[in-house]
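Participant: One file: data00.pdb (PDB, C-alpha atoms).
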```
ATOM      1  CA  MET B 160      -4.235 -27.937   1.644  1.00  0.00           C
ATOM      2  CA  THR B 161      -5.781 -31.405   1.564  1.00  0.00           C
ATOM      3  CA  ALA B 162      -9.250 -29.853   1.698  1.00  0.00           C
ATOM      4  CA  VAL B 163      -8.457 -27.612  -1.296  1.00  0.00           C
ATOM      5  CA  ILE B 164      -7.186 -30.586  -3.338  1.00  0.00           C
ATOM      6  CA  ALA B 165     -10.233 -32.665  -2.402  1.00  0.00           C
ATOM      7  CA  PHE B 166     -12.519 -29.749  -3.275  1.00  0.00           C
ATOM      8  CA  PHE B 167     -10.944 -29.480  -6.740  1.00  0.00           C
ATOM      9  CA  ALA B 168     -10.828 -33.233  -7.314  1.00  0.00           C
ATOM     10  CA  PHE B 169     -14.296 -34.236  -6.135  1.00  0.00           C
ATOM     11  CA  GLY B 170     -16.388 -31.066  -6.332  1.00  0.00           C
ATOM     12  CA  SER B 171     -16.926 -31.093 -10.072  1.00  0.00           C
ATOM     13  CA  ALA B 172     -20.121 -31.143 -12.062  1.00  0.00           C
ATOM     14  CA  ASP B 173     -21.200 -30.141 -15.577  1.00  0.00           C
ATOM     15  CA  GLY B 174     -20.131 -26.636 -16.601  1.00  0.00           C
ATOM     16  CA  GLN B 175     -17.509 -26.214 -13.890  1.00  0.00           C
ATOM     17  CA  SER B 176     -13.833 -25.568 -14.596  1.00  0.00           C
ATOM     18  CA  ILE B 177     -10.440 -24.806 -13.102  1.00  0.00           C
ATOM     19  CA  ASP B 178      -8.320 -21.835 -14.181  1.00  0.00           C
ATOM     20  CA  ALA B 179      -4.542 -22.107 -13.676  1.00  0.00           C
ATOM     21  CA  GLY B 180      -2.194 -19.290 -14.581  1.00  0.00           C
ATOM     22  CA  ALA B 181       0.283 -16.600 -13.617  1.00  0.00           C
ATOM     23  CA  HIS B 182       0.589 -12.806 -13.444  1.00  0.00           C
ATOM     24  CA  ILE B 183       3.522 -10.390 -13.424  1.00  0.00           C
ATOM     25  CA  GLY B 184       3.460  -6.674 -12.808  1.00  0.00           C
ATOM     26  CA  LEU B 185       4.138  -3.706 -10.611  1.00  0.00           C
ATOM     27  CA  GLY B 186       3.871  -3.433  -6.820  1.00  0.00           C
ATOM     28  CA  LEU B 187       3.126   0.042  -5.441  1.00  0.00           C
ATOM     29  CA  PRO B 188       3.773   0.567  -1.712  1.00  0.00           C
ATOM     30  CA  PHE B 189       1.696   3.046   0.273  1.00  0.00           C
ATOM     31  CA  GLY B 190       1.242   3.861   3.933  1.00  0.00           C
ATOM     32  CA  ASP B 191       4.381   3.659   6.070  1.00  0.00           C
ATOM     33  CA  ILE B 192       6.362   1.516   3.613  1.00  0.00           C
ATOM     34  CA  GLY B 193       5.473   3.915   0.788  1.00  0.00           C
ATOM     35  CA  ASN B 194       7.661   6.518   2.512  1.00  0.00           C
ATOM     36  CA  VAL B 195      10.689   4.190   2.518  1.00  0.00           C
ATOM     37  CA  TYR B 196      10.389   1.979  -0.583  1.00  0.00           C
ATOM     38  CA  ASP B 197       9.984   2.568  -4.318  1.00  0.00           C
ATOM     39  CA  PRO B 198       7.620   0.580  -6.567  1.00  0.00           C
ATOM     40  CA  GLY B 199       8.799  -2.919  -7.319  1.00  0.00           C
ATOM     41  CA  PHE B 200       8.166  -6.199  -9.122  1.00  0.00           C
ATOM     42  CA  SER B 201       5.092  -8.308  -8.322  1.00  0.00           C
ATOM     43  CA  TRP B 202       4.092 -11.816  -9.463  1.00  0.00           C
ATOM     44  CA  ASN B 203       1.751 -14.690  -8.632  1.00  0.00           C
ATOM     45  CA  VAL B 204       0.614 -18.128  -9.736  1.00  0.00           C
ATOM     46  CA  PHE B 205      -2.950 -19.174  -9.106  1.00  0.00           C
ATOM     47  CA  GLY B 206      -5.510 -21.935  -9.320  1.00  0.00           C
ATOM     48  CA  LEU B 207      -9.221 -21.076  -9.276  1.00  0.00           C
ATOM     49  CA  TYR B 208     -12.150 -23.473  -9.149  1.00  0.00           C
ATOM     50  CA  ASN B 209     -15.083 -21.933 -11.040  1.00  0.00           C
ATOM     51  CA  VAL B 210     -18.063 -23.107  -9.015  1.00  0.00           C
ATOM     52  CA  ASN B 211     -20.447 -21.581 -11.566  1.00  0.00           C
ATOM     53  CA  ASP B 212     -20.450 -18.694 -14.073  1.00  0.00           C
ATOM     54  CA  GLN B 213     -20.190 -16.070 -11.318  1.00  0.00           C
ATOM     55  CA  ILE B 214     -18.314 -17.580  -8.352  1.00  0.00           C
ATOM     56  CA  SER B 215     -14.784 -18.957  -8.081  1.00  0.00           C
ATOM     57  CA  ALA B 216     -12.500 -19.915  -5.194  1.00  0.00           C
ATOM     58  CA  GLY B 217      -8.879 -20.929  -5.090  1.00  0.00           C
ATOM     59  CA  LEU B 218      -5.303 -20.454  -4.011  1.00  0.00           C
ATOM     60  CA  GLU B 219      -2.805 -17.761  -4.996  1.00  0.00           C
ATOM     61  CA  ILE B 220       0.935 -17.849  -4.262  1.00  0.00           C
ATOM     62  CA  GLY B 221       3.127 -14.906  -5.142  1.00  0.00           C
ATOM     63  CA  GLY B 222       5.489 -12.209  -4.075  1.00  0.00           C
ATOM     64  CA  THR B 223       6.360  -8.555  -4.316  1.00  0.00           C
ATOM     65  CA  THR B 224       9.808  -6.970  -4.002  1.00  0.00           C
ATOM     66  CA  PHE B 225      10.225  -3.250  -3.339  1.00  0.00           C
ATOM     67  CA  ALA B 226      13.490  -1.359  -3.888  1.00  0.00           C
ATOM     68  CA  GLY B 227      14.838   0.773  -1.041  1.00  0.00           C
ATOM     69  CA  GLU B 228      14.281   4.498  -1.511  1.00  0.00           C
ATOM     70  CA  ILE B 229      16.250   5.782   1.490  1.00  0.00           C
ATOM     71  CA  VAL B 230      18.611   2.842   2.024  1.00  0.00           C
ATOM     72  CA  ASP B 231      19.874   0.320  -0.506  1.00  0.00           C
ATOM     73  CA  VAL B 232      17.878  -2.588   0.936  1.00  0.00           C
ATOM     74  CA  ASN B 233      15.063  -4.436  -0.817  1.00  0.00           C
ATOM     75  CA  PHE B 234      11.879  -5.481   0.988  1.00  0.00           C
ATOM     76  CA  THR B 235      10.237  -8.712  -0.225  1.00  0.00           C
ATOM     77  CA  LEU B 236       6.875 -10.160   0.780  1.00  0.00           C
ATOM     78  CA  THR B 237       5.747 -13.682  -0.090  1.00  0.00           C
ATOM     79  CA  GLU B 238       1.971 -14.115  -0.311  1.00  0.00           C
ATOM     80  CA  ILE B 239      -0.064 -17.294   0.244  1.00  0.00           C
ATOM     81  CA  LEU B 240      -3.750 -16.441  -0.078  1.00  0.00           C
ATOM     82  CA  VAL B 241      -7.099 -18.191  -0.241  1.00  0.00           C
ATOM     83  CA  VAL B 242      -9.146 -16.251  -2.791  1.00  0.00           C
ATOM     84  CA  GLY B 243     -12.860 -15.891  -3.514  1.00  0.00           C
ATOM     85  CA  ASN B 244     -14.114 -14.057  -6.612  1.00  0.00           C
ATOM     86  CA  TYR B 245     -17.463 -12.859  -7.929  1.00  0.00           C
ATOM     87  CA  ILE B 246     -18.090 -11.984 -11.592  1.00  0.00           C
ATOM     88  CA  PHE B 247     -20.379  -8.959 -11.948  1.00  0.00           C
ATOM     89  CA  LEU B 248     -20.047  -8.385 -15.723  1.00  0.00           C
ATOM     90  CA  GLU B 249     -19.843 -11.170 -18.292  1.00  0.00           C
ATOM     91  CA  SER B 250     -20.038 -11.495 -22.078  1.00  0.00           C
ATOM     92  CA  ASP B 251     -18.981 -14.291 -24.437  1.00  0.00           C
ATOM     93  CA  GLN B 252     -15.265 -13.510 -24.079  1.00  0.00           C
ATOM     94  CA  LEU B 253     -14.949 -10.909 -21.295  1.00  0.00           C
ATOM     95  CA  ARG B 254     -15.466 -11.302 -17.535  1.00  0.00           C
ATOM     96  CA  VAL B 255     -15.014  -8.522 -14.967  1.00  0.00           C
ATOM     97  CA  GLY B 256     -15.253  -9.083 -11.249  1.00  0.00           C
ATOM     98  CA  GLY B 257     -14.080  -8.444  -7.747  1.00  0.00           C
ATOM     99  CA  GLY B 258     -12.858 -10.630  -4.975  1.00  0.00           C
ATOM    100  CA  LEU B 259     -11.171 -11.008  -1.643  1.00  0.00           C
ATOM    101  CA  GLY B 260      -8.006 -12.833  -0.716  1.00  0.00           C
ATOM    102  CA  ALA B 261      -6.982 -13.587   2.847  1.00  0.00           C
ATOM    103  CA  GLY B 262      -3.934 -15.324   4.150  1.00  0.00           C
ATOM    104  CA  PHE B 263      -0.301 -15.272   5.127  1.00  0.00           C
ATOM    105  CA  TYR B 264       2.395 -12.769   4.147  1.00  0.00           C
ATOM    106  CA  ALA B 265       6.041 -13.540   4.984  1.00  0.00           C
ATOM    107  CA  ASN B 266       9.216 -11.430   5.036  1.00  0.00           C
ATOM    108  CA  GLU B 267      12.534 -13.025   6.048  1.00  0.00           C
ATOM    109  CA  GLY B 268      10.853 -15.617   8.253  1.00  0.00           C
ATOM    110  CA  GLU B 269       8.468 -13.121   9.885  1.00  0.00           C
ATOM    111  CA  GLY B 270       4.816 -13.786   9.082  1.00  0.00           C
ATOM    112  CA  GLU B 271       1.739 -11.606   9.166  1.00  0.00           C
ATOM    113  CA  ILE B 272      -1.939 -12.098   8.368  1.00  0.00           C
ATOM    114  CA  GLY B 273      -3.593  -9.829   5.824  1.00  0.00           C
ATOM    115  CA  VAL B 274      -6.395  -9.311   3.340  1.00  0.00           C
ATOM    116  CA  SER B 275      -6.366  -8.448  -0.344  1.00  0.00           C
ATOM    117  CA  PRO B 276      -9.520  -7.019  -1.949  1.00  0.00           C
ATOM    118  CA  ARG B 277      -9.184  -6.923  -5.718  1.00  0.00           C
ATOM    119  CA  VAL B 278     -10.770  -6.177  -9.072  1.00  0.00           C
ATOM    120  CA  PHE B 279      -9.895  -8.193 -12.156  1.00  0.00           C
ATOM    121  CA  GLY B 280     -10.737  -8.857 -15.765  1.00  0.00           C
ATOM    122  CA  GLN B 281     -10.440 -11.929 -17.961  1.00  0.00           C
ATOM    123  CA  TYR B 282     -10.531 -12.113 -21.747  1.00  0.00           C
ATOM    124  CA  MET B 283     -10.860 -15.527 -23.408  1.00  0.00           C
ATOM    125  CA  VAL B 284      -8.615 -15.699 -26.498  1.00  0.00           C
ATOM    126  CA  THR B 285      -9.730 -19.268 -27.285  1.00  0.00           C
ATOM    127  CA  GLU B 286     -12.124 -21.638 -25.542  1.00  0.00           C
ATOM    128  CA  ASN B 287      -9.456 -22.598 -22.988  1.00  0.00           C
ATOM    129  CA  ILE B 288      -6.769 -19.861 -23.109  1.00  0.00           C
ATOM    130  CA  GLY B 289      -7.346 -16.495 -21.502  1.00  0.00           C
ATOM    131  CA  LEU B 290      -5.613 -13.238 -20.685  1.00  0.00           C
ATOM    132  CA  SER B 291      -6.036 -11.752 -17.236  1.00  0.00           C
ATOM    133  CA  ALA B 292      -5.404  -8.505 -15.373  1.00  0.00           C
ATOM    134  CA  GLN B 293      -5.829  -7.855 -11.671  1.00  0.00           C
ATOM    135  CA  ILE B 294      -5.456  -4.987  -9.222  1.00  0.00           C
ATOM    136  CA  PRO B 295      -5.093  -6.359  -5.688  1.00  0.00           C
ATOM    137  CA  VAL B 296      -4.745  -4.003  -2.713  1.00  0.00           C
ATOM    138  CA  ASN B 297      -2.963  -5.699   0.201  1.00  0.00           C
ATOM    139  CA  PHE B 298      -3.463  -4.727   3.845  1.00  0.00           C
ATOM    140  CA  LEU B 299      -1.303  -6.469   6.443  1.00  0.00           C
ATOM    141  CA  PHE B 300      -2.244  -6.528  10.121  1.00  0.00           C
ATOM    142  CA  VAL B 301       1.006  -5.385  11.747  1.00  0.00           C
ATOM    143  CA  GLU B 302       0.987  -3.705  15.157  1.00  0.00           C
ATOM    144  CA  TYR B 303       3.379  -0.761  14.726  1.00  0.00           C
ATOM    145  CA  ILE B 304       3.641  -0.123  10.984  1.00  0.00           C
ATOM    146  CA  ASN B 305       1.298   0.052   7.986  1.00  0.00           C
ATOM    147  CA  ILE B 306       2.442  -2.458   5.372  1.00  0.00           C
ATOM    148  CA  ASN B 307       0.056  -1.799   2.517  1.00  0.00           C
ATOM    149  CA  TYR B 308       0.582  -2.064  -1.218  1.00  0.00           C
ATOM    150  CA  ALA B 309      -1.299  -2.354  -4.484  1.00  0.00           C
ATOM    151  CA  GLY B 310      -0.430  -4.493  -7.460  1.00  0.00           C
ATOM    152  CA  PHE B 311      -1.059  -4.019 -11.152  1.00  0.00           C
ATOM    153  CA  ARG B 312      -0.603  -7.439 -12.747  1.00  0.00           C
ATOM    154  CA  VAL B 313      -1.215  -8.931 -16.180  1.00  0.00           C
ATOM    155  CA  GLY B 314      -0.967 -12.557 -17.190  1.00  0.00           C
ATOM    156  CA  ALA B 315      -2.468 -15.600 -18.818  1.00  0.00           C
ATOM    157  CA  PHE B 316      -4.307 -18.723 -17.739  1.00  0.00           C
ATOM    158  CA  TYR B 317      -5.550 -22.043 -19.026  1.00  0.00           C
ATOM    159  CA  ARG B 318      -9.121 -23.199 -18.331  1.00  0.00           C
ATOM    160  CA  PHE B 319      -9.517 -26.922 -17.651  1.00  0.00           C
ATOM    161  CA  ASP B 320     -13.128 -27.956 -18.305  1.00  0.00           C
ATOM    162  CA  MET B 321     -14.577 -30.569 -15.986  1.00  0.00           C
TER     163      MET B 321
END
```
Please express what this file holds, its structure, as structure tokens.
Facilitator:
Amino acid sequence: MTAVIAFFAFGSADGQSIDAGAHIGLGLPFGDIGNVYDPGFSWNVFGLYNVNDQISAGLEIGGTTFAGEIVDVNFTLTEILVVGNYIFLESDQLRVGGGLGAGFYANEGEGEIGVSPRVFGQYMVTENIGLSAQIPVNFLFVEYININYAGFRVGAFYRFDM
């Protein structure tokens, strides 16, 4: 965590920025948990350091709760991910890209490691305020069960110029 803070604090130069924002949306389970749980609520907060016009890196903290389909028990995962993104389409106001998150997923004190490839889009409403949408697909590395789910999230962010 100290390295991330130092990176944001001291790694700045002209043209670089930090995006901070939040998303809310839908979590769609698939694999083994898709047979037991219904779609649920998904959210995250994030901070991204825009290294240049095409590359960003940061931290994402969020969660997804699925409702029980067979039994009346909810299943909640908390996500703490380090994220790297690459912009492959950019105009004055619109950016579209893909990325990869990797990190820790927790459920009732049990933790697992996983990855989260994603696609996303950003639309700048003003110079510093933007709207964002992302579709992350989460794959957890669990020995006996497939805990996989996709998210469809929309949100907003503020861009701090450095």
Participant: Expressed in Å to a single decimal, how great is the separation between CA of Phe298 in chain B and CA of Ile272 in chain B?
Facilitator: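 Separation between CA of Phe298 in chain B and CA of Ile272 in chain B: 8.8 Å.
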Participant: As an exercise, work out the distance from CA of Ile220 in chain B to CA of Asn203 in chain B in Å and give it to one decimal place.
Facilitator: 5.5 Å
Participant: With a distance cut-off of 8 Å and all atoms listed in the file, select the neighbouring residues of Ala181 in chain B, excluding the residue or stretch itself and same-chain residues fewer than 4 positions from it, and output the selection as JSON, numbers by chain.
Facilitator: {"B": [202, 203, 204, 205, 314, 315, 316]}
Participant: Any chance you could export the current selection's C-alpha atoms as a PDB file, in the frame of the given file?
Facilitator:
```
ATOM      1  CA  TRP B 202       4.092 -11.816  -9.463  1.00  0.00           C
ATOM      2  CA  ASN B 203       1.751 -14.690  -8.632  1.00  0.00           C
ATOM      3  CA  VAL B 204       0.614 -18.128  -9.736  1.00  0.00           C
ATOM      4  CA  PHE B 205      -2.950 -19.174  -9.106  1.00  0.00           C
ATOM      5  CA  GLY B 314      -0.967 -12.557 -17.190  1.00  0.00           C
ATOM      6  CA  ALA B 315      -2.468 -15.600 -18.818  1.00  0.00           C
ATOM      7  CA  PHE B 316      -4.307 -18.723 -17.739  1.00  0.00           C
TER       8      PHE B 316
END
```
Participant: If you apply the PyMOL selection byres ((chain B and resi 245) around 7) to this file, what residues do you get, as a ChimeraX atom specification?
Facilitator: /B:213-215,244,246-247,256-258
Participant: Check the smallest atom-to-atom distance from each of B:Ala216, B:Ala292, B:Met321, B:Met283 to Ser250 in chain B using only C-alpha atoms, then report the winner.
Facilitator: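 Distance minimum relative to Ser250 in chain B lands on B:Met283.
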Participant: Write out as a list in words which residues come within 7 Å of Gly184 in chain B when counting all atoms listed in the file, dropping same-chain ones fewer than 3 positions away.
Facilitator: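 Result of the neighbour search: Phe200, Ser201, Trp202, Gly310, Phe311, Arg312 and Val313 of chain B.
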Participant: Got a sec: who's within 12 Å of Tyr303 in chain B, counting only C-alpha atoms, leaving out chain neighbours fewer than 6 positions off, as a list in words?
Facilitator: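 The residues that qualify are Gly190, Asp191 and Ile192 of chain B.
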Participant: As a check of understanding, name the residues that the PyMOL selection byres ((chain B and resi 176-178) around 8) selects in the supplied structure, as a count of residues only.
Facilitator: 18
Participant: So, with only C-alpha atoms as the atoms that count, which of B:Leu248, B:Val296, B:Ile306, B:Val278 lies closest to Thr235 in chain B?
Facilitator: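 Distance minimum relative to Thr235 in chain B lands on B:Ile306.
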